[in-house]
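Student: structure.cif is reproduced below (mmCIF, C-alpha atoms).
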```cif
data_run
loop_
_atom_site.group_PDB
_atom_site.id
_atom_site.type_symbol
_atom_site.label_atom_id
_atom_site.label_comp_id
_atom_site.auth_asym_id
_atom_site.auth_seq_id
_atom_site.Cartn_x
_atom_site.Cartn_y
_atom_site.Cartn_z
ATOM 1 C CA MET A 1 0.000 0.000 0.000
ATOM 2 C CA GLY A 2 1.386 3.397 -1.002
ATOM 3 C CA TRP A 3 1.490 6.693 0.796
ATOM 4 C CA VAL A 4 -1.698 8.717 1.084
ATOM 5 C CA THR A 5 -1.350 12.450 1.667
ATOM 6 C CA MET A 6 -3.993 13.934 3.919
ATOM 7 C CA SER A 7 -4.705 17.321 5.358
ATOM 8 C CA GLU A 8 -4.832 17.947 9.090
ATOM 9 C CA ARG A 9 -8.630 18.014 8.921
ATOM 10 C CA GLU A 10 -8.783 14.643 7.192
ATOM 11 C CA LEU A 11 -6.373 13.109 9.712
ATOM 12 C CA ASN A 12 -8.573 14.402 12.528
ATOM 13 C CA ARG A 13 -11.594 12.798 10.858
ATOM 14 C CA VAL A 14 -9.788 9.458 10.596
ATOM 15 C CA GLU A 15 -8.868 9.550 14.303
ATOM 16 C CA VAL A 16 -12.427 10.340 15.374
ATOM 17 C CA LEU A 17 -13.921 7.721 13.042
ATOM 18 C CA ALA A 18 -11.494 5.110 14.369
ATOM 19 C CA GLN A 19 -12.698 5.885 17.896
ATOM 20 C CA VAL A 20 -16.318 5.565 16.783
ATOM 21 C CA ASP A 21 -15.529 2.297 15.016
ATOM 22 C CA ASP A 22 -13.930 0.927 18.216
ATOM 23 C CA ALA A 23 -17.004 2.066 20.214
ATOM 24 C CA ARG A 24 -14.890 4.420 22.326
ATOM 25 C CA LEU A 25 -16.866 7.412 21.090
ATOM 26 C CA SER A 26 -20.533 7.869 20.284
ATOM 27 C CA VAL A 27 -21.771 9.088 16.909
ATOM 28 C CA ASP A 28 -23.302 12.170 18.548
ATOM 29 C CA ASN A 29 -19.988 13.136 20.139
ATOM 30 C CA ALA A 30 -18.172 12.502 16.877
ATOM 31 C CA ALA A 31 -20.663 14.709 15.039
ATOM 32 C CA ASN A 32 -20.038 17.502 17.540
ATOM 33 C CA MET A 33 -16.262 17.088 17.347
ATOM 34 C CA LEU A 34 -16.200 17.103 13.546
ATOM 35 C CA ASP A 35 -18.890 19.778 13.269
ATOM 36 C CA LEU A 36 -21.007 17.490 11.078
ATOM 37 C CA THR A 37 -24.478 15.988 11.284
ATOM 38 C CA ARG A 38 -25.085 12.430 12.488
ATOM 39 C CA ARG A 39 -25.999 11.460 8.947
ATOM 40 C CA GLN A 40 -22.678 12.728 7.592
ATOM 41 C CA VAL A 41 -20.786 10.846 10.307
ATOM 42 C CA PHE A 42 -22.593 7.613 9.390
ATOM 43 C CA ARG A 43 -21.793 8.227 5.709
ATOM 44 C CA LEU A 44 -18.090 8.769 6.501
ATOM 45 C CA LEU A 45 -18.059 5.785 8.856
ATOM 46 C CA LYS A 46 -19.458 3.541 6.123
ATOM 47 C CA ARG A 47 -16.727 4.626 3.699
ATOM 48 C CA TYR A 48 -14.091 4.267 6.427
ATOM 49 C CA ARG A 49 -15.185 0.699 7.176
ATOM 50 C CA GLN A 50 -15.243 -0.280 3.492
ATOM 51 C CA ASP A 51 -12.009 1.245 2.213
ATOM 52 C CA GLY A 52 -10.013 2.311 5.268
ATOM 53 C CA ALA A 53 -8.429 5.648 6.047
ATOM 54 C CA SER A 54 -7.725 6.510 2.406
ATOM 55 C CA ALA A 55 -11.488 6.717 1.738
ATOM 56 C CA ILE A 56 -11.736 9.841 3.909
ATOM 57 C CA ARG A 57 -9.363 11.734 1.626
ATOM 58 C CA HIS A 58 -10.971 14.251 -0.725
ATOM 59 C CA LYS A 59 -11.763 12.527 -4.024
ATOM 60 C CA SER A 60 -10.778 15.348 -6.363
ATOM 61 C CA ARG A 61 -7.264 15.735 -4.982
ATOM 62 C CA GLY A 62 -4.698 15.676 -7.771
ATOM 63 C CA ARG A 63 -7.205 16.360 -10.539
ATOM 64 C CA ALA A 64 -7.097 19.434 -12.757
ATOM 65 C CA PRO A 65 -9.824 22.004 -12.061
ATOM 66 C CA ASN A 66 -12.788 22.184 -14.421
ATOM 67 C CA ASN A 67 -12.300 25.894 -15.099
ATOM 68 C CA GLN A 68 -8.588 25.648 -15.895
ATOM 69 C CA ILE A 69 -7.512 27.627 -18.957
ATOM 70 C CA HIS A 70 -5.595 25.574 -21.502
ATOM 71 C CA SER A 71 -1.855 26.276 -21.660
ATOM 72 C CA ALA A 72 -2.015 26.950 -25.422
ATOM 73 C CA LYS A 73 -4.468 29.793 -24.809
ATOM 74 C CA ARG A 74 -2.159 31.174 -22.118
ATOM 75 C CA ASP A 75 0.875 31.005 -24.427
ATOM 76 C CA TYR A 76 -1.035 32.679 -27.250
ATOM 77 C CA ALA A 77 -2.190 35.497 -24.970
ATOM 78 C CA LEU A 78 1.336 36.094 -23.670
ATOM 79 C CA THR A 79 2.847 36.188 -27.168
ATOM 80 C CA VAL A 80 0.199 38.703 -28.283
ATOM 81 C CA ILE A 81 0.890 40.834 -25.203
ATOM 82 C CA LYS A 82 4.658 40.689 -25.805
ATOM 83 C CA GLU A 83 4.296 41.632 -29.491
ATOM 84 C CA HIS A 84 1.583 44.284 -29.360
ATOM 85 C CA TYR A 85 1.162 45.455 -25.763
ATOM 86 C CA PRO A 86 4.476 45.098 -23.892
ATOM 87 C CA ASP A 87 4.066 48.354 -21.961
ATOM 88 C CA PHE A 88 0.395 47.875 -21.046
ATOM 89 C CA GLY A 89 -0.855 46.994 -17.603
ATOM 90 C CA PRO A 90 -2.911 43.854 -17.086
ATOM 91 C CA THR A 91 -6.295 45.597 -17.134
ATOM 92 C CA LEU A 92 -5.719 47.339 -20.457
ATOM 93 C CA ALA A 93 -4.000 44.275 -21.908
ATOM 94 C CA ALA A 94 -7.027 42.122 -21.007
ATOM 95 C CA GLU A 95 -9.340 44.662 -22.636
ATOM 96 C CA MET A 96 -7.222 44.749 -25.805
ATOM 97 C CA LEU A 97 -7.092 40.946 -25.978
ATOM 98 C CA ALA A 98 -10.887 40.805 -25.785
ATOM 99 C CA GLU A 99 -11.503 43.698 -28.162
ATOM 100 C CA HIS A 100 -8.939 43.086 -30.909
ATOM 101 C CA HIS A 101 -8.084 39.394 -30.636
ATOM 102 C CA GLY A 102 -11.336 37.817 -29.379
ATOM 103 C CA LEU A 103 -9.607 36.345 -26.336
ATOM 104 C CA LYS A 104 -11.723 36.837 -23.212
ATOM 105 C CA VAL A 105 -9.639 36.394 -20.076
ATOM 106 C CA SER A 106 -10.129 38.168 -16.775
ATOM 107 C CA ARG A 107 -7.710 40.944 -15.885
ATOM 108 C CA GLU A 108 -6.604 39.092 -12.766
ATOM 109 C CA THR A 109 -5.677 36.052 -14.829
ATOM 110 C CA VAL A 110 -3.758 38.254 -17.264
ATOM 111 C CA ARG A 111 -2.033 39.956 -14.321
ATOM 112 C CA LYS A 112 -1.014 36.594 -12.858
ATOM 113 C CA TRP A 113 0.312 35.409 -16.232
ATOM 114 C CA MET A 114 2.237 38.636 -16.815
ATOM 115 C CA VAL A 115 3.830 38.513 -13.354
ATOM 116 C CA GLU A 116 4.797 34.833 -13.787
ATOM 117 C CA ASP A 117 6.336 35.585 -17.178
ATOM 118 C CA GLY A 118 8.161 38.688 -15.925
ATOM 119 C CA ILE A 119 6.359 41.087 -18.276
ATOM 120 C CA TRP A 120 4.788 43.214 -15.549
ATOM 121 C CA LEU A 121 5.750 44.246 -12.032
ATOM 122 C CA SER A 122 3.357 45.618 -9.460
ATOM 123 C CA ARG A 123 3.654 49.271 -8.510
ATOM 124 C CA LYS A 124 5.265 48.329 -5.221
ATOM 125 C CA GLN A 125 7.952 46.276 -6.988
ATOM 126 C CA ARG A 126 8.552 48.996 -9.610
ATOM 127 C CA ARG A 127 9.054 51.698 -7.011
ATOM 128 C CA GLN A 128 12.476 53.328 -7.145
ATOM 129 C CA PHE A 129 14.113 54.736 -4.088
ATOM 130 C CA ARG A 130 15.993 57.996 -4.127
ATOM 131 C CA GLU A 131 19.607 58.030 -3.236
ATOM 132 C CA CYS A 132 20.459 60.488 -0.511
ATOM 133 C CA ALA A 133 23.569 62.426 -1.390
#
```
Kindly present the structure from the file in structure tokens form.
Tutor:
Amino acid sequence: MGWVTMSERELNRVEVLAQVDDARLSVDNAANMLDLTRRQVFRLLKRYRQDGASAIRHKSRGRAPNNQIHSAKRDYALTVIKEHYPDFGPTLAAEMLAEHHGLKVSRETVRKWMVEDGIWLSRKQRRQFRECA
């Protein structure tokens, strides 16, 4: 059996469910400790008994999000920004991508991409300090 990574919350759930399974803790107390309903505790307990501690782990861990933007779209947007709008901020660049290139991406996503690629620095990072003579 391989390693299963779990969060602190999931480890706490496994400990409490193990106590319930050994009859050292009641379902009501477990529900209060986990801040869940009795029904949810029974549902988790059923999965715990069938598949062990790894069943408590979140099922979508390691999967790509459904709203993830494809890397080709990201690369295309960054090349367009580098060619046509290298001195634009993320808000204006996002507007120009939507208006002239038909590429609708939120300004925050464009900002994140530009920062990761080193095209744009925030105002705080751009700030220059005077030298005192």
Student: Would you pick out the contacts of region 113-124 of chain A at 12 Å or less, using all atoms listed in the file, so that residues sharing its chain but fewer than 6 positions from it are not included, and give the list as a PyMOL selection string?
Tutor: chain A and resi 69+71+73-83+85-91+93-94+105-107
Student: Please report the interatomic distance between CA of Asn12 (chain A) and CA of Gly62 (chain A) in Å with one decimal.
Tutor: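 Value for the CA of Asn12 (chain A)-CA of Gly62 (chain A) distance: 20.7 Å.
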Student: Please, what distance in Å, to one decimal, runs between CA of Arg61 (chain A) and CA of Val16 (chain A)?
Tutor: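 Going from CA of Arg61 (chain A) over to CA of Val16 (chain A), I get 21.7 Å.
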Student: Report as a ChimeraX atom specification the residues that result from applying the PyMOL selection byres ((chain A and resi 14) around 12) to the structure here.
Tutor: /A:6-13,15-21,30,34,41,44-45,47-49,51-57
Student: For CA of Thr37 (chain A) and CA of Arg63 (chain A), determine how far apart the two atoms are, in Å to one decimal place.
Tutor: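 Pair CA of Thr37 (chain A) / CA of Arg63 (chain A) returns 27.8 Å.
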Student: In terms of the shortest atom-to-atom distance over only C-alpha atoms, which of A:Leu92, A:Glu99, A:Lys46, A:Leu36 is closest to Arg111 (chain A)?
Tutor: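 Checking each of A:Leu92, A:Glu99, A:Lys46, A:Leu36 against Arg111 (chain A), counting only C-alpha atoms, the winner is A:Leu92.
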